[in-house]
file query-v8.txt (compact mmCIF, C-alpha atoms)
# COMPACT_ATOMS: atom_id res chain seq x y z
CA MET Q 226 106.09 82.83 103.78
CA TRP Q 227 107.98 82.47 100.51
CA ARG Q 228 106.65 80.16 97.82
CA VAL Q 229 108.27 79.05 94.59
CA GLY Q 230 106.63 79.65 91.22
CA THR Q 231 107.71 78.31 87.85
CA VAL Q 232 107.49 80.43 84.72
CA VAL Q 233 105.14 78.66 82.29
CA ALA Q 234 104.48 81.40 79.73
CA LEU Q 235 105.72 84.82 78.61
CA HIS Q 236 103.79 87.32 76.53
CA ASP Q 237 104.74 90.84 75.46
CA GLU Q 238 101.97 93.39 76.01
CA THR Q 239 103.89 96.36 74.61
CA ALA Q 240 107.48 97.13 73.58
CA THR Q 241 108.37 97.57 77.25
CA ALA Q 242 105.93 95.42 79.22
CA ARG Q 243 105.75 91.65 79.48
CA THR Q 244 103.25 89.32 81.13
CA THR Q 245 104.81 86.42 82.98
CA THR Q 246 102.64 83.46 83.93
CA LEU Q 247 103.76 81.57 87.00
CA GLU Q 248 102.51 78.23 88.21
CA VAL Q 249 102.59 78.06 92.00
CA PRO Q 250 101.69 74.58 93.30
CA ASP Q 251 100.69 75.71 96.82
CA TRP Q 252 98.97 78.92 95.71
CA PRO Q 253 95.86 79.74 97.78
CA ASP Q 254 93.20 81.52 95.74
CA HIS Q 255 93.80 85.23 95.50
CA VAL Q 256 91.27 88.04 95.29
CA ALA Q 257 91.33 90.46 92.36
CA GLY Q 258 93.45 93.50 93.24
CA GLN Q 259 96.00 91.71 95.39
CA HIS Q 260 99.73 91.73 94.72
CA VAL Q 261 102.76 89.55 95.30
CA ASP Q 262 106.29 90.34 96.37
CA LEU Q 263 108.99 88.79 94.22
CA ARG Q 264 112.40 88.13 95.73
CA LEU Q 265 115.45 87.84 93.53
CA THR Q 266 118.68 86.66 95.10
CA ALA Q 267 122.09 87.00 93.48
CA THR Q 268 124.79 84.36 93.85
CA ASP Q 269 126.56 86.61 96.39
CA GLY Q 270 123.46 86.57 98.60
CA TYR Q 271 122.26 90.09 97.76
CA SER Q 272 118.51 90.07 97.39
CA ALA Q 273 115.92 92.54 96.15
CA VAL Q 274 112.18 92.43 96.80
CA ARG Q 275 109.63 94.13 94.55
CA SER Q 276 105.84 94.20 94.57
CA TYR Q 277 103.81 93.38 91.46
CA SER Q 278 100.06 93.31 91.06
CA ILE Q 279 98.37 90.14 89.89
CA ALA Q 280 96.69 90.57 86.50
CA SER Q 281 94.80 87.29 86.36
CA ALA Q 282 91.58 86.08 87.94
CA PRO Q 283 91.76 83.21 90.42
CA ASN Q 284 91.85 79.90 88.55
CA PRO Q 285 92.00 76.17 89.35
CA GLN Q 286 95.38 75.81 87.59
CA ARG Q 287 97.03 77.80 90.41
CA ARG Q 288 98.54 80.16 87.89
CA ILE Q 289 99.11 83.85 88.31
CA GLU Q 290 99.96 86.41 85.67
CA LEU Q 291 102.12 89.44 86.40
CA THR Q 292 102.48 92.23 83.84
CA ILE Q 293 105.71 94.06 84.49
CA GLU Q 294 106.78 97.33 82.89
CA ARG Q 295 110.48 97.62 82.21
CA LEU Q 296 112.00 100.69 83.83
CA PRO Q 297 115.18 101.85 82.06
CA ASN Q 298 117.20 102.15 85.26
CA GLY Q 299 115.34 99.50 87.20
CA GLU Q 300 117.30 97.05 89.28
CA VAL Q 301 114.84 94.21 88.86
CA SER Q 302 112.39 94.89 86.01
CA PRO Q 303 114.93 94.56 83.15
CA TYR Q 304 115.75 91.06 84.36
CA LEU Q 305 112.10 90.10 84.77
CA THR Q 306 111.08 91.44 81.36
CA GLN Q 307 114.11 90.41 79.29
CA GLU Q 308 116.09 87.60 80.90
CA LEU Q 309 113.51 85.46 82.64
CA ALA Q 310 112.66 82.33 80.59
CA VAL Q 311 110.05 79.60 80.64
CA GLY Q 312 111.06 77.00 83.20
CA ASP Q 313 112.83 79.49 85.50
CA ARG Q 314 111.79 79.54 89.12
CA LEU Q 315 111.04 82.61 91.23
CA GLU Q 316 110.47 83.16 94.93
CA LEU Q 317 107.28 84.97 95.79
CA ARG Q 318 105.27 86.03 98.83
CA GLY Q 319 101.53 86.47 98.71
CA PRO Q 320 98.76 86.97 97.86
CA ILE Q 321 99.05 90.28 99.73
CA GLY Q 322 96.49 92.93 100.69
CA GLY Q 323 92.81 92.80 101.55
CA TRP Q 324 91.82 96.43 101.01
CA PHE Q 325 92.40 97.24 97.34
CA VAL Q 326 90.33 94.24 96.22
CA TRP Q 327 87.10 93.56 94.37
CA ARG Q 328 85.17 90.56 95.62
CA THR Q 329 82.73 88.73 93.36
CA GLN Q 330 79.95 89.23 95.93
CA GLN Q 331 80.02 92.99 95.30
CA THR Q 332 77.05 94.05 93.15
CA GLU Q 333 77.33 97.86 93.23
CA PRO Q 334 78.58 99.89 90.23
CA ILE Q 335 82.35 99.80 89.96
CA GLN Q 336 84.49 102.61 88.60
CA LEU Q 337 88.03 101.65 87.68
CA ILE Q 338 90.60 104.35 86.90
CA ALA Q 339 94.03 103.31 85.66
CA GLY Q 340 97.10 105.39 85.02
CA GLY Q 341 99.56 103.52 82.77
CA SER Q 342 100.53 100.15 84.22
CA GLY Q 343 98.03 100.81 87.03
CA ILE Q 344 95.70 98.84 84.76
CA VAL Q 345 97.15 95.55 86.05
CA PRO Q 346 95.18 94.98 89.29
CA LEU Q 347 92.09 96.52 87.68
CA MET Q 348 92.35 93.97 84.85
CA ALA Q 349 92.29 91.24 87.48
CA MET Q 350 88.99 92.71 88.69
CA ILE Q 351 87.56 92.78 85.15
CA ARG Q 352 88.69 89.21 84.52
CA SER Q 353 87.42 88.05 87.89
CA ARG Q 354 84.03 89.61 87.13
CA ALA Q 355 83.90 87.70 83.83
CA SER Q 356 85.03 84.36 85.20
CA ALA Q 357 82.59 84.56 88.12
CA GLY Q 358 79.68 85.48 85.83
CA SER Q 359 79.10 88.68 87.82
CA ILE Q 360 76.77 91.28 86.32
CA ALA Q 361 78.06 94.14 88.48
CA PRO Q 362 78.21 97.22 86.21
CA PHE Q 363 81.84 98.12 85.53
CA ARG Q 364 83.41 101.13 83.91
CA LEU Q 365 87.10 101.58 83.20
CA LEU Q 366 88.82 104.88 82.50
CA TYR Q 367 92.31 104.06 81.26
CA SER Q 368 94.77 106.93 81.00
CA LEU Q 369 97.99 106.33 79.10
CA ARG Q 370 100.71 108.10 77.19
CA GLU Q 371 99.89 106.82 73.71
CA PRO Q 372 97.93 104.07 71.96
CA ALA Q 373 101.00 101.80 71.71
CA ALA Q 374 101.17 101.67 75.51
CA ILE Q 375 97.84 99.85 75.96
CA PHE Q 376 98.02 96.58 77.88
CA TYR Q 377 95.49 93.81 77.10
CA ARG Q 378 94.34 95.69 74.00
CA ASP Q 379 92.40 92.91 72.27
CA GLU Q 380 90.78 91.63 75.42
CA LEU Q 381 89.59 95.11 76.40
CA GLN Q 382 88.38 95.70 72.86
CA ALA Q 383 86.35 92.48 72.96
CA LEU Q 384 84.89 93.46 76.32
CA SER Q 385 83.75 96.87 75.21
CA ASP Q 386 82.37 95.47 71.91
CA HIS Q 387 80.44 92.53 73.29
CA ASP Q 388 79.66 93.22 76.90
CA HIS Q 389 78.16 96.61 77.41
CA SER Q 390 78.18 96.34 81.15
CA VAL Q 391 81.95 96.90 81.05
CA GLY Q 392 82.45 100.32 79.52
CA VAL Q 393 86.01 101.15 78.52
CA SER Q 394 87.21 104.72 77.91
CA TYR Q 395 90.73 105.67 76.96
CA ALA Q 396 92.42 108.97 77.69
CA TYR Q 397 95.79 109.80 76.16
CA THR Q 398 98.28 112.13 77.78
CA ARG Q 399 100.87 112.60 74.99
CA THR Q 400 99.73 111.16 71.66
CA ALA Q 401 96.16 110.35 70.70
CA PRO Q 402 95.00 108.40 67.65
CA LYS Q 403 94.09 110.44 64.58
CA ASP Q 404 90.64 112.06 64.86
CA TRP Q 405 90.45 111.27 68.58
CA PRO Q 406 87.84 113.63 70.06
CA ARG Q 407 89.89 114.74 73.04
CA PRO Q 408 93.30 116.38 72.67
CA PRO Q 409 96.09 114.67 74.63
CA GLY Q 410 96.19 115.73 78.25
CA ARG Q 411 95.83 114.63 81.83
CA ILE Q 412 92.43 113.53 83.06
CA ASP Q 413 90.24 116.45 84.09
CA ALA Q 414 86.80 117.25 85.49
CA ALA Q 415 85.13 117.08 82.06
CA LEU Q 416 86.50 113.60 81.43
CA ILE Q 417 85.44 112.42 84.88
CA ALA Q 418 81.95 113.79 84.20
CA ASN Q 419 81.72 112.07 80.79
CA ALA Q 420 83.47 108.77 81.35
CA THR Q 421 82.72 107.73 84.93
CA TRP Q 422 79.57 106.71 86.81
CA PRO Q 423 77.55 109.63 88.18
CA SER Q 424 78.29 109.91 91.89
CA LYS Q 425 74.57 109.57 92.68
CA LEU Q 426 74.88 105.88 91.76
CA VAL Q 427 77.38 105.60 94.65
CA PRO Q 428 79.98 103.57 92.78
CA THR Q 429 82.96 102.03 94.50
CA CYS Q 430 86.02 103.51 92.82
CA TYR Q 431 89.41 101.85 92.44
CA VAL Q 432 92.24 104.10 91.33
CA CYS Q 433 95.69 102.72 90.52
CA GLY Q 434 98.71 104.41 89.01
CA PRO Q 435 101.71 106.54 89.86
CA THR Q 436 101.23 108.51 93.08
CA SER Q 437 100.70 111.87 91.35
CA PHE Q 438 98.07 110.32 89.04
CA VAL Q 439 96.24 108.75 91.97
CA GLU Q 440 96.22 112.06 93.88
CA GLY Q 441 94.80 113.89 90.86
CA ALA Q 442 92.15 111.29 90.04
CA THR Q 443 91.05 111.02 93.67
CA ASP Q 444 90.64 114.80 93.94
CA LEU Q 445 88.58 114.86 90.72
CA LEU Q 446 86.36 112.00 91.89
CA MET Q 447 85.72 113.78 95.19
CA ALA Q 448 85.05 117.09 93.42
CA SER Q 449 82.39 115.34 91.35
CA GLY Q 450 80.62 114.14 94.50
CA ASN Q 451 82.16 110.78 95.31
CA GLY Q 452 82.83 110.21 99.00
CA ARG Q 453 86.40 109.51 100.11
CA ASP Q 454 85.16 106.32 101.73
CA ARG Q 455 84.05 105.02 98.30
CA ILE Q 456 87.48 105.50 96.74
CA ARG Q 457 90.22 102.93 97.15
CA THR Q 458 93.69 103.66 95.88
CA GLU Q 459 96.87 101.84 95.01
CA ARG Q 460 99.87 104.02 94.34
CA PHE Q 461 103.17 103.04 92.89
CA GLY Q 462 106.15 105.24 92.59
CA PRO Q 463 109.85 105.65 92.09
CA THR Q 464 110.64 103.76 95.28
CA GLY Q 465 110.76 100.39 93.57
CA ASP Q 466 110.17 98.66 90.28
CA ARG Q 467 106.49 98.44 91.16
CA LYS Q 468 104.24 96.78 88.52
CA MET Z 117 98.14 124.54 94.26
CA SER Z 118 101.43 123.80 95.96
CA SER Z 119 103.83 121.38 94.35
CA HIS Z 120 104.22 118.05 96.09
CA THR Z 121 106.90 115.46 95.96
CA TYR Z 122 104.95 112.26 95.57
CA ASP Z 123 107.41 109.94 97.18
CA TYR Z 124 105.00 107.83 99.20
CA LEU Z 125 102.93 104.74 98.53
CA ASP Z 126 99.88 103.21 100.22
CA GLY Z 127 99.78 100.96 103.24
CA ASN Z 128 99.34 98.19 100.68
CA ALA Z 129 102.94 98.51 99.63
CA ALA Z 130 104.20 97.61 103.10
CA ALA Z 131 101.86 94.66 103.55
CA GLY Z 132 104.36 92.06 102.36
CA GLU Z 133 107.06 93.31 104.71
CA LEU Z 134 104.59 93.45 107.60
CA SER Z 135 103.49 89.87 106.91
CA LYS Z 136 106.84 88.87 108.45
CA ILE Z 137 105.50 90.17 111.77
CA PHE Z 138 101.70 90.01 111.68
CA ALA Z 139 99.79 86.82 110.98
CA GLN Z 140 96.88 88.84 109.59
CA ASP Z 141 96.57 91.29 106.75
CA LEU Z 142 97.18 94.78 108.12
CA THR Z 143 95.81 96.72 105.13
CA THR Z 144 92.20 96.27 106.25
CA ALA Z 145 93.01 97.00 109.92
CA GLU Z 146 91.72 100.30 111.26
CA GLY Z 147 94.25 102.31 113.20
CA GLN Z 148 93.81 105.47 115.20
CA CYS Z 149 96.46 108.15 114.86
CA ALA Z 150 97.85 108.99 118.28
CA HIS Z 151 98.40 112.60 117.22
CA CYS Z 152 95.21 113.75 115.42
CA GLY Z 153 92.83 110.95 116.34
CA ALA Z 154 91.94 110.11 112.72
CA ARG Z 155 90.71 106.54 112.31
CA LYS Z 156 91.67 105.04 108.97
CA ARG Z 157 92.45 101.74 107.35
CA PHE Z 158 96.15 101.00 107.34
CA ALA Z 159 95.90 100.73 103.52
CA GLU Z 160 95.21 104.48 103.47
CA ALA Z 161 98.38 105.43 105.33
CA HIS Z 162 101.21 107.06 103.40
CA VAL Z 163 104.10 104.65 103.31
CA TYR Z 164 107.71 105.57 102.68
CA MET Z 165 109.86 102.68 101.53
CA GLN Z 166 113.11 104.45 100.59
CA SER Z 167 114.49 104.57 104.10
CA PRO Z 168 116.40 101.66 105.67
CA GLY Z 169 113.04 100.46 106.88
CA VAL Z 170 109.38 101.22 106.33
CA VAL Z 171 107.71 104.34 107.72
CA ALA Z 172 103.92 104.76 107.65
CA ARG Z 173 102.46 108.21 108.22
CA CYS Z 174 98.91 109.35 108.96
CA ALA Z 175 97.27 110.47 105.68
CA VAL Z 176 95.60 113.34 107.57
CA CYS Z 177 98.33 114.87 109.77
CA GLN Z 178 101.52 113.08 108.64
CA ASN Z 179 102.32 111.85 112.14
CA VAL Z 180 104.48 108.71 112.08
CA LEU Z 181 102.17 105.76 112.76
CA LEU Z 182 104.56 102.87 112.40
CA ARG Z 183 108.21 102.16 111.79
CA VAL Z 184 109.74 98.82 110.90
CA VAL Z 185 113.46 98.37 110.52
CA SER Z 186 115.11 95.07 109.69
CA VAL Z 187 118.71 94.71 110.80
CA ARG Z 188 120.31 91.40 109.94
CA GLN Z 189 118.19 88.74 111.67
CA ARG Z 190 116.16 91.17 113.82
CA VAL Z 191 113.15 93.38 113.17
CA PHE Z 192 112.46 96.55 115.18
CA LEU Z 193 108.82 97.61 115.33
CA ASP Z 194 107.65 101.00 116.63
CA LEU Z 195 103.89 101.46 116.93
CA ARG Z 196 103.84 104.53 119.21
CA GLY Z 197 102.03 106.59 116.62
CA MET Z 198 98.85 104.57 116.86
CA THR Z 199 96.46 104.55 119.80
CA TYR Z 200 95.12 101.20 118.64
CA LEU Z 201 94.91 98.82 115.70
CA ASN Z 202 91.55 97.18 115.07
CA LEU Z 203 92.03 94.03 113.00
CA ASP Z 204 89.41 92.49 110.75
CA THR Z 205 89.16 88.75 111.31
CA ALA Z 206 86.29 88.16 108.86
CA HIS Z 207 88.54 86.64 106.22
CA VAL Z 208 90.62 84.49 108.52
CA GLN Z 209 90.01 80.86 107.72
CA PRO Z 210 87.70 79.37 110.36
CA SER Z 211 88.55 76.08 112.00
CA VAL Z 212 87.22 73.09 110.10
CA PHE Z 213 85.70 72.06 113.44
CA ALA Z 214 83.81 75.34 113.93
CA GLN Z 215 80.03 75.14 113.88
CA PRO Z 216 78.48 77.44 111.27
CA ASP Z 217 76.32 80.22 112.74
CA SER Z 218 72.68 79.22 112.66

call {"tool": "encode", "arguments": {"input": "query-v8.txt", "output": "structure tokens"}}
result
Amino acid sequence: MWRVGTVVALHDETATARTTTLEVPDWPDHVAGQHVDLRLTATDGYSAVRSYSIASAPNPQRRIELTIERLPNGEVSPYLTQELAVGDRLELRGPIGGWFVWRTQQTEPIQLIAGGSGIVPLMAMIRSRASAGSIAPFRLLYSLREPAAIFYRDELQALSDHDHSVGVSYAYTRTAPKDWPRPPGRIDAALIANATWPSKLVPTCYVCGPTSFVEGATDLLMASGNGRDRIRTERFGPTGDRK
Amino acid sequence: MSSHTYDYLDGNAAAGELSKIFAQDLTTAEGQCAHCGARKRFAEAHVYMQSPGVVARCAVCQNVLLRVVSVRQRVFLDLRGMTYLNLDTAHVQPSVFAQPDS
């Protein structure tokens, strides 16, 4: 079922990623981690469908936020991140997916691992935790190319400063800030050991990012003692403009 | 370690397309692979979206579990690769007339 959303706000997260807020009058509440499909149709009838994770927590205003990374050769993301304006209308389908979700009733420790724009559905979980007043212990390990690529920088900073039950760790793959203790590189066993919940606490793990990142992080989590049944994944790849 | 081409996504990625056919969310459904017998959530399947349709493969043995191809106004669905699909109805909205369990 396709719904119509109206763009009510736009906000740049980085030089290449923009958050679009849509108001969807008949929106049923979503669960953190779910995504929507957007359908764009050209005047000649050609249409393209792409999936984007929801970044926002459920809210009474029936608004959803999508943070979309612009891919240089993308068919859809350049339009969504550069052309789309407040007041424009978009067709969307969703909320979609009941597996890669965090429900506010969950009380166990939560380990979030994001690769690049894989932060988006995990941010919805963090925001949903805050808006529901949950005290579930959360940790986020956020791997990205460089400091300038961080999404939701100030909000994450505030969370890690003021609410110690959400621990935020950054890992940089290409360029790290000056004096950063860890040289740039992909996440590894030492980082998993230092920055994630010990497996004996039996955390539920949510891993989102490009497919190769998700494979690597999942293998590392399992090697450190986490069961496969405690790890939920969301991959995105070159097959679409995902996220 | 061998080098992989990571050209697949999760069952999640096909959920929107499958919502054209199934009234319920398939990502939480447990399916049994007809080839190796593995029982997994559909969300854990490897999904290939580049083809003219959607192909879902078993994450354990790579057997094709499901194929969906849309051609003009028709959808072809092939489910031979699964022995069964076990759908979770816990989050389906109950009737407003249903009596709560006591």

call {"tool": "interface_residues", "arguments": {"input": "query-v8.txt", "of": "chain Z", "to": "chain Q", "cutoff": "7 Å", "atoms": "all atoms listed in the file", "output": "VMD selection string"}}
result
chain Z and resid 122 to 123 125 to 126 128 131 to 132 141 143 to 144 159 165 to 166

call {"tool": "write_last_selection", "arguments": {"input": "query-v8.txt", "atoms": "C-alpha atoms", "output": "short mmCIF file (atom, residue, chain, number, x, y, z; two decimals), keeping the file's coordinate frame"}}
result
data_model
loop_
_atom_site.label_atom_id
_atom_site.label_comp_id
_atom_site.auth_asym_id
_atom_site.auth_seq_id
_atom_site.Cartn_x
_atom_site.Cartn_y
_atom_site.Cartn_z
CA TYR Z 122 104.95 112.26 95.57
CA ASP Z 123 107.41 109.94 97.18
CA LEU Z 125 102.93 104.74 98.53
CA ASP Z 126 99.88 103.21 100.22
CA ASN Z 128 99.34 98.19 100.68
CA ALA Z 131 101.86 94.66 103.55
CA GLY Z 132 104.36 92.06 102.36
CA ASP Z 141 96.57 91.29 106.75
CA THR Z 143 95.81 96.72 105.13
CA THR Z 144 92.20 96.27 106.25
CA ALA Z 159 95.90 100.73 103.52
CA MET Z 165 109.86 102.68 101.53
CA GLN Z 166 113.11 104.45 100.59
#

call {"tool": "atom_distance", "arguments": {"input": "query-v8.txt", "atom1": "atom CA of Q:Ala234", "atom2": "atom CA of Q:Leu247"}}
result
7.3 Å

call {"tool": "closest_residue", "arguments": {"input": "query-v8.txt", "among": "Q:Arg352, Q:Arg364, Q:Arg314, Q:Arg399", "to": "Q:Asn284", "atoms": "all atoms listed in the file"}}
result
Q:Arg352

call {"tool": "closest_residue", "arguments": {"input": "query-v8.txt", "among": "Q:Leu446, Q:Glu238, Q:Ile417, Q:Val439", "to": "Z:Tyr124", "atoms": "only C-alpha atoms"}}
result
Q:Val439

call {"tool": "closest_residue", "arguments": {"input": "query-v8.txt", "among": "Z:Ser186, Z:Ser167, Z:Asn202, Z:Gln178", "to": "Z:His151", "atoms": "only C-alpha atoms"}}
result
Z:Gln178

call {"tool": "residues_around", "arguments": {"input": "query-v8.txt", "residues": "Q:Val232", "least_positions_apart": "5", "cutoff": "7 Å", "atoms": "all atoms listed in the file", "output": "number ranges by chain"}}
result
Q: 245-248, 310-314

call {"tool": "residues_around", "arguments": {"input": "query-v8.txt", "residues": "stretch 189-198 of chain Z", "least_positions_apart": "5", "cutoff": "8 Å", "atoms": "all atoms listed in the file", "output": "VMD selection string"}}
result
chain Z and resid 147 to 151 179 to 184

call {"tool": "closest_residue", "arguments": {"input": "query-v8.txt", "among": "Q:Tyr271, Q:Arg370, Q:Thr266, Q:Gln286", "to": "Q:Pro250", "atoms": "all atoms listed in the file"}}
result
Q:Gln286

call {"tool": "residues_near_point", "arguments": {"input": "query-v8.txt", "point": "(83.5, 103.8, 89.9)", "cutoff": "12 Å", "atoms": "only C-alpha atoms", "output": "PyMOL selection string"}}
result
chain Q and resi 327+333-339+347+361-366+391-393+417-418+420-432+442-443+446-447+449-452+455-458

call {"tool": "atom_distance", "arguments": {"input": "query-v8.txt", "atom1": "atom CA of Q:Tyr395", "atom2": "atom CA of Q:Thr244"}}
result
21.0 Å

call {"tool": "residues_around", "arguments": {"input": "query-v8.txt", "residues": "Q:Leu369", "least_positions_apart": "4", "cutoff": "8 Å", "atoms": "all atoms listed in the file", "output": "PyMOL selection string"}}
result
chain Q and resi 340-341+374-375+395-398

call {"tool": "closest_residue", "arguments": {"input": "query-v8.txt", "among": "Q:Val256, Q:Ala401, Q:Ala355, Q:Val326", "to": "Q:Pro372", "atoms": "all atoms listed in the file"}}
result
Q:Ala401

call {"tool": "atom_distance", "arguments": {"input": "query-v8.txt", "atom1": "atom CA of Q:Ile351", "atom2": "atom CA of Q:Thr231"}}
result
25.0 Å

call {"tool": "axis_aligned_box", "arguments": {"input": "query-v8.txt", "around": "stretch 157-166 of chain Z", "padding_each_side": "4 Å", "output": "JSON"}}
result
{"center_x": 102.8, "center_y": 103.9, "center_z": 104.0, "size_x": 28.7, "size_y": 14.3, "size_z": 14.8}

call {"tool": "closest_residue", "arguments": {"input": "query-v8.txt", "among": "Z:Ala175, Z:Ala129, Z:Val187, Z:Ala206", "to": "Z:Arg155", "atoms": "all atoms listed in the file"}}
result
Z:Ala175
